[in-house]
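Enquirer: Below is one structure. I have some questions about it.
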Amino acid sequence: MTRITRAYTNIALIKYWGKKDQQLKLPQTNSLSLTLDKFYTDTTAKVIDSDKDIISLNDTILDDKASGRTRKYLDTVRNMYGLAQHFQIESVNHVPISAGFASSASGFAALAGSINECLDLGLTRKELSILARNGSGSASRSIFGGFVEWHAGHSNETSFSEPIDEDPDIDLVLLSVVISEQKKSISSTIGMELSVKTSPFYPNWSTLVASEIQEIKQAIAQKDITKIGEIAEHNALSMHALTLSAQPPFTYFAPETVEIIQAVKHLRQQGVFAYVTIDAGPNVKIICNNNSVNHVNDYITQHIKNVSTFEAHIGKGIQYI
Ligand code: PMV
């Protein structure tokens, strides 16, 4: 009986922003994330007697266009392991589009795990992380729980994630603030490429990430949540400075994104524990603790129009059910 593979989404505290190898999805720098407990993907893979993969998402079989990225990924997996089999993939996404998280991290981590499970490949979690990275960079981190570091590496074998602390006893809560008027945005792949090629600040980004990773790891070890918040916020805003300084310049921010950044700063000035982090979209994730999260939630929903919020805690690595 093939078990279901469940993988959770993660939020980067030190962002991955730029590839040095498009094909292998090798990042320019290391990155560091926190796996969350709320949003996940459940996937099962079955070998089928066919020369074409069948892919379904949320009980609907996807056509070639909708499943293009997954099909390409399955070809990569067959190449990597010298496999000839085709698969029936059934995925159920528990990452509501409205929650403001991309499902690619949990999706490709669960898919990598399900192939390992169905073929009994016996891959280690490091190998699973490599396999997941080939689908989506951030997926390599969702193999593990808690705080995770993705080592940039310089080849397929050397670019993988590793846990820093899978079950940290630390008071952090993530509040995802979703702006309802979603603007059509630039994909992270295109955004990264433009930033690497044209932002005059890109060389500084690599230097900054190297030092912020060291600092945040120290703060994690010392359970210094203020330091974690400060570094994560600075890192996220520095990543967005790369988009504004690209040629042509672009931004993922909507007007409400800036309003929320300012609201969080205001809350902080009043002694409330709150810091922002933002991915390749307009939504803002607020790093809170158990003491501040309700107050932050009330303040944001009262002061910013048309937003919804989701609370998440620290989550686990991939599970077989
Ligand atoms: O893995 P991708 O291609 O979806 O890129 C993720 C990029 C960011 O979310 C902005 C940062 C990160 O490290 O997750």
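We name chains A, B, ... following the order of the structure tokens; residues begin at 1 in each chain, and ligands are numbered from 1 as shown.
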From a DSSP pass on the backbone, collect the residues of region 52-121 of chain A flagged as strand (DSSP E) and hand them back as a PDB file with C-alpha atoms, in the first residue's frame.

Expert:
```
ATOM      1  CA  ILE A  54      -1.484  11.203 -15.664  1.00  0.00           C
ATOM      2  CA  ILE A  55      -1.575  14.125 -13.277  1.00  0.00           C
ATOM      3  CA  SER A  56      -4.475  15.195 -11.135  1.00  0.00           C
ATOM      4  CA  LEU A  57      -4.795  18.081  -8.725  1.00  0.00           C
ATOM      5  CA  THR A  60      -9.290  16.923 -11.423  1.00  0.00           C
ATOM      6  CA  ILE A  61      -7.114  15.477 -14.193  1.00  0.00           C
ATOM      7  CA  HIS A  86       5.370   6.617 -16.090  1.00  0.00           C
ATOM      8  CA  PHE A  87       3.257   7.687 -13.160  1.00  0.00           C
ATOM      9  CA  GLN A  88      -0.215   8.551 -12.065  1.00  0.00           C
ATOM     10  CA  ILE A  89       0.191  11.475  -9.692  1.00  0.00           C
ATOM     11  CA  GLU A  90      -2.645  12.521  -7.413  1.00  0.00           C
ATOM     12  CA  SER A  91      -2.124  15.708  -5.441  1.00  0.00           C
ATOM     13  CA  VAL A  92      -4.415  17.514  -3.083  1.00  0.00           C
ATOM     14  CA  ASN A  93      -3.362  21.010  -2.193  1.00  0.00           C
ATOM     15  CA  HIS A  94      -4.245  22.330   1.242  1.00  0.00           C
TER      16      HIS A  94
END
```

Enquirer: Pull the closest atom pair for each residue of chain A that gets at most 7 Å from ligand 1, along with the distance in Å to one decimal, counting only C-alpha atoms and all ligand atoms, ordering rows by chain and then ascending residue number, as CSV.

Expert:
```
residue,atom,partner,partner_atom_place_in_ligand_line,distance
A:Ile11,CA,ligand 1,14 (O),6.1
A:Ala12,CA,ligand 1,13 (O),4.7
A:Ile14,CA,ligand 1,13 (O),6.7
A:Lys15,CA,ligand 1,13 (O),3.9
A:Tyr16,CA,ligand 1,13 (O),3.6
A:Trp17,CA,ligand 1,7 (C),6.0
A:Ser31,CA,ligand 1,13 (O),6.1
A:Ala102,CA,ligand 1,4 (O),6.8
A:Ser104,CA,ligand 1,4 (O),6.0
A:Ala105,CA,ligand 1,1 (O),6.3
A:Ser136,CA,ligand 1,1 (O),4.6
A:Gly137,CA,ligand 1,1 (O),3.9
A:Ser138,CA,ligand 1,1 (O),3.8
A:Ala139,CA,ligand 1,1 (O),6.3
A:Ser188,CA,ligand 1,3 (O),5.5
A:Thr189,CA,ligand 1,3 (O),5.9
A:Asp279,CA,ligand 1,10 (C),4.0
A:Ala280,CA,ligand 1,10 (C),4.6
```

Enquirer: Produce a file of the selected residues containing N, CA, C and O atoms, as a PDB file, in the first residue's frame.

Expert:
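Final output, selection10.pdb:
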```
ATOM      1  N   ILE A  11       8.426  29.495   4.851  1.00  0.00           N
ATOM      2  CA  ILE A  11       8.646  30.925   4.596  1.00  0.00           C
ATOM      3  C   ILE A  11      10.135  31.217   4.782  1.00  0.00           C
ATOM      4  O   ILE A  11      10.710  30.837   5.804  1.00  0.00           O
ATOM      5  N   ALA A  12      10.730  31.855   3.775  1.00  0.00           N
ATOM      6  CA  ALA A  12      12.161  32.168   3.883  1.00  0.00           C
ATOM      7  C   ALA A  12      12.365  33.391   4.771  1.00  0.00           C
ATOM      8  O   ALA A  12      11.713  34.419   4.577  1.00  0.00           O
ATOM      9  N   ILE A  14      15.690  34.288   5.286  1.00  0.00           N
ATOM     10  CA  ILE A  14      16.763  34.813   4.428  1.00  0.00           C
ATOM     11  C   ILE A  14      16.425  34.283   3.042  1.00  0.00           C
ATOM     12  O   ILE A  14      16.396  33.067   2.809  1.00  0.00           O
ATOM     13  N   LYS A  15      16.131  35.180   2.114  1.00  0.00           N
ATOM     14  CA  LYS A  15      15.516  34.798   0.838  1.00  0.00           C
ATOM     15  C   LYS A  15      16.493  34.220  -0.177  1.00  0.00           C
ATOM     16  O   LYS A  15      17.658  34.608  -0.230  1.00  0.00           O
ATOM     17  N   TYR A  16      15.928  33.348  -0.981  1.00  0.00           N
ATOM     18  CA  TYR A  16      16.593  32.853  -2.197  1.00  0.00           C
ATOM     19  C   TYR A  16      16.145  33.800  -3.309  1.00  0.00           C
ATOM     20  O   TYR A  16      14.958  33.887  -3.592  1.00  0.00           O
ATOM     21  N   TRP A  17      17.074  34.550  -3.878  1.00  0.00           N
ATOM     22  CA  TRP A  17      16.680  35.471  -4.956  1.00  0.00           C
ATOM     23  C   TRP A  17      17.787  35.514  -6.007  1.00  0.00           C
ATOM     24  O   TRP A  17      18.683  36.343  -5.959  1.00  0.00           O
ATOM     25  N   SER A  31      20.042  30.070   1.570  1.00  0.00           N
ATOM     26  CA  SER A  31      18.854  30.738   2.113  1.00  0.00           C
ATOM     27  C   SER A  31      18.431  29.985   3.366  1.00  0.00           C
ATOM     28  O   SER A  31      18.925  28.878   3.627  1.00  0.00           O
ATOM     29  N   ALA A 102       2.805  30.466  -2.023  1.00  0.00           N
ATOM     30  CA  ALA A 102       2.927  29.701  -3.259  1.00  0.00           C
ATOM     31  C   ALA A 102       2.858  28.225  -2.872  1.00  0.00           C
ATOM     32  O   ALA A 102       3.327  27.837  -1.809  1.00  0.00           O
ATOM     33  N   SER A 104       4.240  25.855  -4.680  1.00  0.00           N
ATOM     34  CA  SER A 104       5.292  25.084  -5.346  1.00  0.00           C
ATOM     35  C   SER A 104       6.241  24.427  -4.342  1.00  0.00           C
ATOM     36  O   SER A 104       6.728  23.330  -4.591  1.00  0.00           O
ATOM     37  N   ALA A 105       6.487  25.051  -3.193  1.00  0.00           N
ATOM     38  CA  ALA A 105       7.411  24.460  -2.215  1.00  0.00           C
ATOM     39  C   ALA A 105       6.839  23.158  -1.665  1.00  0.00           C
ATOM     40  O   ALA A 105       7.480  22.101  -1.727  1.00  0.00           O
ATOM     41  N   SER A 136      11.328  22.917  -7.754  1.00  0.00           N
ATOM     42  CA  SER A 136      11.233  24.322  -7.340  1.00  0.00           C
ATOM     43  C   SER A 136      12.256  24.530  -6.238  1.00  0.00           C
ATOM     44  O   SER A 136      12.337  23.721  -5.299  1.00  0.00           O
ATOM     45  N   GLY A 137      13.044  25.605  -6.367  1.00  0.00           N
ATOM     46  CA  GLY A 137      14.132  25.838  -5.415  1.00  0.00           C
ATOM     47  C   GLY A 137      13.680  25.753  -3.968  1.00  0.00           C
ATOM     48  O   GLY A 137      14.242  25.003  -3.155  1.00  0.00           O
ATOM     49  N   SER A 138      12.613  26.503  -3.651  1.00  0.00           N
ATOM     50  CA  SER A 138      12.184  26.564  -2.248  1.00  0.00           C
ATOM     51  C   SER A 138      11.664  25.209  -1.747  1.00  0.00           C
ATOM     52  O   SER A 138      11.596  24.979  -0.537  1.00  0.00           O
ATOM     53  N   ALA A 139      11.300  24.290  -2.652  1.00  0.00           N
ATOM     54  CA  ALA A 139      10.812  22.964  -2.249  1.00  0.00           C
ATOM     55  C   ALA A 139      11.908  22.160  -1.546  1.00  0.00           C
ATOM     56  O   ALA A 139      11.619  21.293  -0.723  1.00  0.00           O
ATOM     57  N   SER A 188       8.639  34.486 -10.179  1.00  0.00           N
ATOM     58  CA  SER A 188       9.889  34.617  -9.411  1.00  0.00           C
ATOM     59  C   SER A 188      11.088  34.318 -10.311  1.00  0.00           C
ATOM     60  O   SER A 188      12.132  34.962 -10.186  1.00  0.00           O
ATOM     61  N   THR A 189      10.940  33.381 -11.257  1.00  0.00           N
ATOM     62  CA  THR A 189      12.052  33.057 -12.166  1.00  0.00           C
ATOM     63  C   THR A 189      12.479  34.287 -12.966  1.00  0.00           C
ATOM     64  O   THR A 189      13.663  34.620 -13.037  1.00  0.00           O
ATOM     65  N   ASP A 279       7.415  37.861   0.030  1.00  0.00           N
ATOM     66  CA  ASP A 279       7.958  37.085  -1.090  1.00  0.00           C
ATOM     67  C   ASP A 279       7.643  37.769  -2.423  1.00  0.00           C
ATOM     68  O   ASP A 279       7.376  38.962  -2.448  1.00  0.00           O
ATOM     69  N   ALA A 280       7.625  36.986  -3.499  1.00  0.00           N
ATOM     70  CA  ALA A 280       7.450  37.577  -4.827  1.00  0.00           C
ATOM     71  C   ALA A 280       5.972  37.844  -5.118  1.00  0.00           C
ATOM     72  O   ALA A 280       5.374  37.268  -6.034  1.00  0.00           O
TER      73      ALA A 280
END
```

Enquirer: Can you tell me, as a ChimeraX atom specification, what residues are no more than 12 Å from Thr243 (chain A) when counting only C-alpha atoms, ignoring any on the same chain fewer than 5 positions away?

Expert: /A:17-18,186,188,190-202,205,236-238,248-253,279-281

Enquirer: Within 12 Å of Thr2 (chain A), counting only C-alpha atoms, which residues show up once you throw out same-chain ones fewer than 4 positions away? Write them as a PDB file with N, CA, C and O atoms, in the first residue's frame, please.

Expert:
```
ATOM      1  N   THR A  43       0.372  14.025  -1.630  1.00  0.00           N
ATOM      2  CA  THR A  43       0.568  13.464  -2.976  1.00  0.00           C
ATOM      3  C   THR A  43       0.813  11.961  -2.920  1.00  0.00           C
ATOM      4  O   THR A  43       1.519  11.473  -2.032  1.00  0.00           O
ATOM      5  N   THR A  44       0.213  11.242  -3.881  1.00  0.00           N
ATOM      6  CA  THR A  44       0.560   9.823  -4.066  1.00  0.00           C
ATOM      7  C   THR A  44       0.959   9.626  -5.525  1.00  0.00           C
ATOM      8  O   THR A  44       0.374  10.226  -6.431  1.00  0.00           O
ATOM      9  N   ALA A  45       1.955   8.767  -5.712  1.00  0.00           N
ATOM     10  CA  ALA A  45       2.391   8.416  -7.073  1.00  0.00           C
ATOM     11  C   ALA A  45       2.187   6.911  -7.249  1.00  0.00           C
ATOM     12  O   ALA A  45       2.363   6.143  -6.301  1.00  0.00           O
ATOM     13  N   LYS A  46       1.765   6.522  -8.449  1.00  0.00           N
ATOM     14  CA  LYS A  46       1.579   5.103  -8.786  1.00  0.00           C
ATOM     15  C   LYS A  46       2.218   4.870 -10.142  1.00  0.00           C
ATOM     16  O   LYS A  46       2.085   5.707 -11.035  1.00  0.00           O
ATOM     17  N   VAL A  47       2.896   3.728 -10.324  1.00  0.00           N
ATOM     18  CA  VAL A  47       3.439   3.417 -11.647  1.00  0.00           C
ATOM     19  C   VAL A  47       2.275   2.940 -12.520  1.00  0.00           C
ATOM     20  O   VAL A  47       1.440   2.157 -12.068  1.00  0.00           O
ATOM     21  N   ILE A  89      -0.076  10.623 -10.857  1.00  0.00           N
ATOM     22  CA  ILE A  89       0.191  11.475  -9.692  1.00  0.00           C
ATOM     23  C   ILE A  89      -1.127  12.081  -9.227  1.00  0.00           C
ATOM     24  O   ILE A  89      -1.855  12.678 -10.023  1.00  0.00           O
ATOM     25  N   GLU A  90      -1.435  11.883  -7.970  1.00  0.00           N
ATOM     26  CA  GLU A  90      -2.645  12.521  -7.413  1.00  0.00           C
ATOM     27  C   GLU A  90      -2.235  13.435  -6.279  1.00  0.00           C
ATOM     28  O   GLU A  90      -1.677  12.975  -5.286  1.00  0.00           O
ATOM     29  N   GLY A 113       8.824  13.190  -2.593  1.00  0.00           N
ATOM     30  CA  GLY A 113       8.629  12.154  -1.574  1.00  0.00           C
ATOM     31  C   GLY A 113       7.763  11.017  -2.093  1.00  0.00           C
ATOM     32  O   GLY A 113       8.012   9.841  -1.809  1.00  0.00           O
ATOM     33  N   SER A 114       6.735  11.339  -2.893  1.00  0.00           N
ATOM     34  CA  SER A 114       5.801  10.302  -3.359  1.00  0.00           C
ATOM     35  C   SER A 114       6.471   9.376  -4.376  1.00  0.00           C
ATOM     36  O   SER A 114       6.170   8.182  -4.426  1.00  0.00           O
ATOM     37  N   ILE A 115       7.400   9.898  -5.158  1.00  0.00           N
ATOM     38  CA  ILE A 115       8.098   9.047  -6.130  1.00  0.00           C
ATOM     39  C   ILE A 115       9.062   8.110  -5.402  1.00  0.00           C
ATOM     40  O   ILE A 115       9.148   6.915  -5.695  1.00  0.00           O
ATOM     41  N   ASN A 116       9.728   8.643  -4.406  1.00  0.00           N
ATOM     42  CA  ASN A 116      10.593   7.836  -3.552  1.00  0.00           C
ATOM     43  C   ASN A 116       9.792   6.706  -2.906  1.00  0.00           C
ATOM     44  O   ASN A 116      10.216   5.551  -2.867  1.00  0.00           O
ATOM     45  N   GLU A 117       8.597   7.051  -2.442  1.00  0.00           N
ATOM     46  CA  GLU A 117       7.738   6.081  -1.755  1.00  0.00           C
ATOM     47  C   GLU A 117       7.222   5.012  -2.733  1.00  0.00           C
ATOM     48  O   GLU A 117       7.306   3.823  -2.462  1.00  0.00           O
ATOM     49  N   CYS A 118       6.769   5.448  -3.904  1.00  0.00           N
ATOM     50  CA  CYS A 118       6.138   4.469  -4.806  1.00  0.00           C
ATOM     51  C   CYS A 118       7.159   3.532  -5.439  1.00  0.00           C
ATOM     52  O   CYS A 118       6.860   2.376  -5.676  1.00  0.00           O
ATOM     53  N   LEU A 119       8.369   4.006  -5.685  1.00  0.00           N
ATOM     54  CA  LEU A 119       9.391   3.132  -6.287  1.00  0.00           C
ATOM     55  C   LEU A 119      10.312   2.510  -5.242  1.00  0.00           C
ATOM     56  O   LEU A 119      11.226   1.767  -5.579  1.00  0.00           O
ATOM     57  N   ASP A 120      10.063   2.870  -3.977  1.00  0.00           N
ATOM     58  CA  ASP A 120      10.893   2.340  -2.897  1.00  0.00           C
ATOM     59  C   ASP A 120      12.377   2.627  -3.171  1.00  0.00           C
ATOM     60  O   ASP A 120      13.225   1.746  -3.066  1.00  0.00           O
ATOM     61  N   TYR A 320       4.906  10.569   5.900  1.00  0.00           N
ATOM     62  CA  TYR A 320       4.232   9.553   5.093  1.00  0.00           C
ATOM     63  C   TYR A 320       3.019   9.074   5.884  1.00  0.00           C
ATOM     64  O   TYR A 320       3.142   8.702   7.042  1.00  0.00           O
ATOM     65  N   ILE A 321       1.870   9.110   5.263  1.00  0.00           N
ATOM     66  CA  ILE A 321       0.640   8.821   6.007  1.00  0.00           C
ATOM     67  C   ILE A 321      -0.008   7.539   5.490  1.00  0.00           C
ATOM     68  O   ILE A 321      -0.166   7.385   4.281  1.00  0.00           O
TER      69      ILE A 321
END
```

Enquirer: Which one is closest to Leu24 (chain A): A:Gly145, A:Gly315, A:Gly153, A:Pro163? Count only C-alpha atoms.

Expert: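 Checking each candidate against Leu24 (chain A), we get A:Gly153 as the closest.
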
Enquirer: If we count only C-alpha atoms and set the cut-off at 12 Å, which residues sit around Thr301 (chain A), ignoring sequence neighbours fewer than 4 positions away in its own chain? Please answer as an MDAnalysis selection string.

Expert: chainID A and resid 175:179 256 259:260 263 294:297 305:310

Enquirer: Would you write out those residues with N, CA and C atoms, as a PDB file, in the first residue's frame?

Expert:
```
ATOM      1  N   LEU A 175       1.836  35.509  10.777  1.00  0.00           N
ATOM      2  CA  LEU A 175       0.522  35.984  10.355  1.00  0.00           C
ATOM      3  C   LEU A 175       0.619  36.385   8.885  1.00  0.00           C
ATOM      4  N   SER A 176      -0.108  35.645   8.030  1.00  0.00           N
ATOM      5  CA  SER A 176      -0.085  35.974   6.601  1.00  0.00           C
ATOM      6  C   SER A 176      -1.221  36.959   6.318  1.00  0.00           C
ATOM      7  N   VAL A 177      -0.875  38.102   5.775  1.00  0.00           N
ATOM      8  CA  VAL A 177      -1.892  39.116   5.469  1.00  0.00           C
ATOM      9  C   VAL A 177      -2.082  39.149   3.961  1.00  0.00           C
ATOM     10  N   VAL A 178      -3.279  38.789   3.528  1.00  0.00           N
ATOM     11  CA  VAL A 178      -3.535  38.668   2.099  1.00  0.00           C
ATOM     12  C   VAL A 178      -4.322  39.880   1.606  1.00  0.00           C
ATOM     13  N   ILE A 179      -3.740  40.507   0.607  1.00  0.00           N
ATOM     14  CA  ILE A 179      -4.365  41.685   0.009  1.00  0.00           C
ATOM     15  C   ILE A 179      -5.303  41.184  -1.080  1.00  0.00           C
ATOM     16  N   GLU A 256      -1.179  48.593  -0.595  1.00  0.00           N
ATOM     17  CA  GLU A 256      -1.461  48.029   0.743  1.00  0.00           C
ATOM     18  C   GLU A 256      -0.218  47.383   1.360  1.00  0.00           C
ATOM     19  N   GLU A 259       1.440  50.072   3.081  1.00  0.00           N
ATOM     20  CA  GLU A 259       0.646  50.448   4.269  1.00  0.00           C
ATOM     21  C   GLU A 259       0.884  49.462   5.413  1.00  0.00           C
ATOM     22  N   ILE A 260       0.974  48.179   5.074  1.00  0.00           N
ATOM     23  CA  ILE A 260       1.172  47.165   6.128  1.00  0.00           C
ATOM     24  C   ILE A 260       2.586  47.281   6.721  1.00  0.00           C
ATOM     25  N   ALA A 263       2.351  50.064   9.065  1.00  0.00           N
ATOM     26  CA  ALA A 263       1.550  49.717  10.254  1.00  0.00           C
ATOM     27  C   ALA A 263       2.379  48.871  11.222  1.00  0.00           C
ATOM     28  N   ASN A 294      -2.525  38.327  18.295  1.00  0.00           N
ATOM     29  CA  ASN A 294      -3.926  38.766  18.252  1.00  0.00           C
ATOM     30  C   ASN A 294      -4.039  40.277  18.098  1.00  0.00           C
ATOM     31  N   HIS A 295      -3.172  40.964  18.812  1.00  0.00           N
ATOM     32  CA  HIS A 295      -3.174  42.431  18.732  1.00  0.00           C
ATOM     33  C   HIS A 295      -2.818  42.886  17.303  1.00  0.00           C
ATOM     34  N   VAL A 296      -1.776  42.243  16.728  1.00  0.00           N
ATOM     35  CA  VAL A 296      -1.352  42.608  15.362  1.00  0.00           C
ATOM     36  C   VAL A 296      -2.500  42.331  14.388  1.00  0.00           C
ATOM     37  N   ASN A 297      -3.118  41.177  14.540  1.00  0.00           N
ATOM     38  CA  ASN A 297      -4.229  40.798  13.670  1.00  0.00           C
ATOM     39  C   ASN A 297      -5.364  41.831  13.748  1.00  0.00           C
ATOM     40  N   LYS A 305      -7.809  48.125   4.552  1.00  0.00           N
ATOM     41  CA  LYS A 305      -9.073  47.669   3.949  1.00  0.00           C
ATOM     42  C   LYS A 305      -8.902  46.381   3.148  1.00  0.00           C
ATOM     43  N   ASN A 306      -9.934  45.544   3.172  1.00  0.00           N
ATOM     44  CA  ASN A 306     -10.023  44.356   2.312  1.00  0.00           C
ATOM     45  C   ASN A 306      -8.849  43.396   2.432  1.00  0.00           C
ATOM     46  N   VAL A 307      -8.422  43.097   3.635  1.00  0.00           N
ATOM     47  CA  VAL A 307      -7.386  42.076   3.783  1.00  0.00           C
ATOM     48  C   VAL A 307      -7.953  40.905   4.584  1.00  0.00           C
ATOM     49  N   SER A 308      -7.405  39.716   4.336  1.00  0.00           N
ATOM     50  CA  SER A 308      -7.743  38.589   5.206  1.00  0.00           C
ATOM     51  C   SER A 308      -6.444  38.057   5.796  1.00  0.00           C
ATOM     52  N   THR A 309      -6.541  37.380   6.934  1.00  0.00           N
ATOM     53  CA  THR A 309      -5.320  36.933   7.615  1.00  0.00           C
ATOM     54  C   THR A 309      -5.381  35.444   7.955  1.00  0.00           C
ATOM     55  N   PHE A 310      -4.228  34.809   7.965  1.00  0.00           N
ATOM     56  CA  PHE A 310      -4.098  33.397   8.329  1.00  0.00           C
ATOM     57  C   PHE A 310      -2.933  33.267   9.299  1.00  0.00           C
TER      58      PHE A 310
END
```

Enquirer: If we count only C-alpha atoms, what is near Asn30 (chain A) at a cut-off of 6 Å, once residues fewer than 2 positions away on the same chain are taken out, given as a PyMOL selection string?

Expert: chain A and resi 150-152

Enquirer: Report as a VMD selection string all protein, DNA and RNA residues lying within 12 Å of Gln262 (chain A), evaluated on only C-alpha atoms, omitting residues in the same chain fewer than 6 positions from it.

Expert: chain A and resid 255 to 256 268 to 269 274 to 276 284 286 300 303 to 304

Enquirer: Taking into account only C-alpha atoms, which residue in the set A:Leu244, A:Ile164, A:Val95, A:Met239 is nearest to Thr277 (chain A)?

Expert: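 Using only C-alpha atoms, Thr277 (chain A) sits closest to A:Met239.
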
Enquirer: Give the answer as one residue: which of A:Asn235, A:Asn156, A:Ser129, A:Ser187 has the shortest atom-to-atom distance to Phe144 (chain A), using only C-alpha atoms?

Expert: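 Distance minimum relative to Phe144 (chain A) lands on A:Ser129.
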
Enquirer: Could you tell me which of A:Gln214, A:Gln319, A:Asn204, A:Gln182 comes closest to Gly100 (chain A) if we count only C-alpha atoms?

Expert: A:Gln182

Enquirer: Can you list, as a PyMOL selection string, all residues belonging to region 251-284 of chain A that DSSP tags as helix (DSSP H, G or I)?

Expert: chain A and resi 255-269

Enquirer: Provide the CA of Leu13 (chain A) to CA of Leu36 (chain A) distance in Å, to one decimal place.

Expert: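 Atom-to-atom, CA of Leu13 (chain A) to CA of Leu36 (chain A), that is 12.2 Å.
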
Enquirer: Let me make sure I understand: among A:Asn79, A:Thr257, A:Thr226, A:Ser142, which one has the smallest atom-to-atom distance to Leu172 (chain A) if we use only C-alpha atoms?

Expert: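 Checking each of A:Asn79, A:Thr257, A:Thr226, A:Ser142 against Leu172 (chain A), counting only C-alpha atoms, the winner is A:Thr226.
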
Enquirer: Select, from A:Leu34, A:Leu83, A:Ala110, A:Glu127, the residue with the minimum atom-to-atom distance to Ile287 (chain A), counting only C-alpha atoms.

Expert: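 Among the listed residues, A:Leu34 lies closest to Ile287 (chain A).
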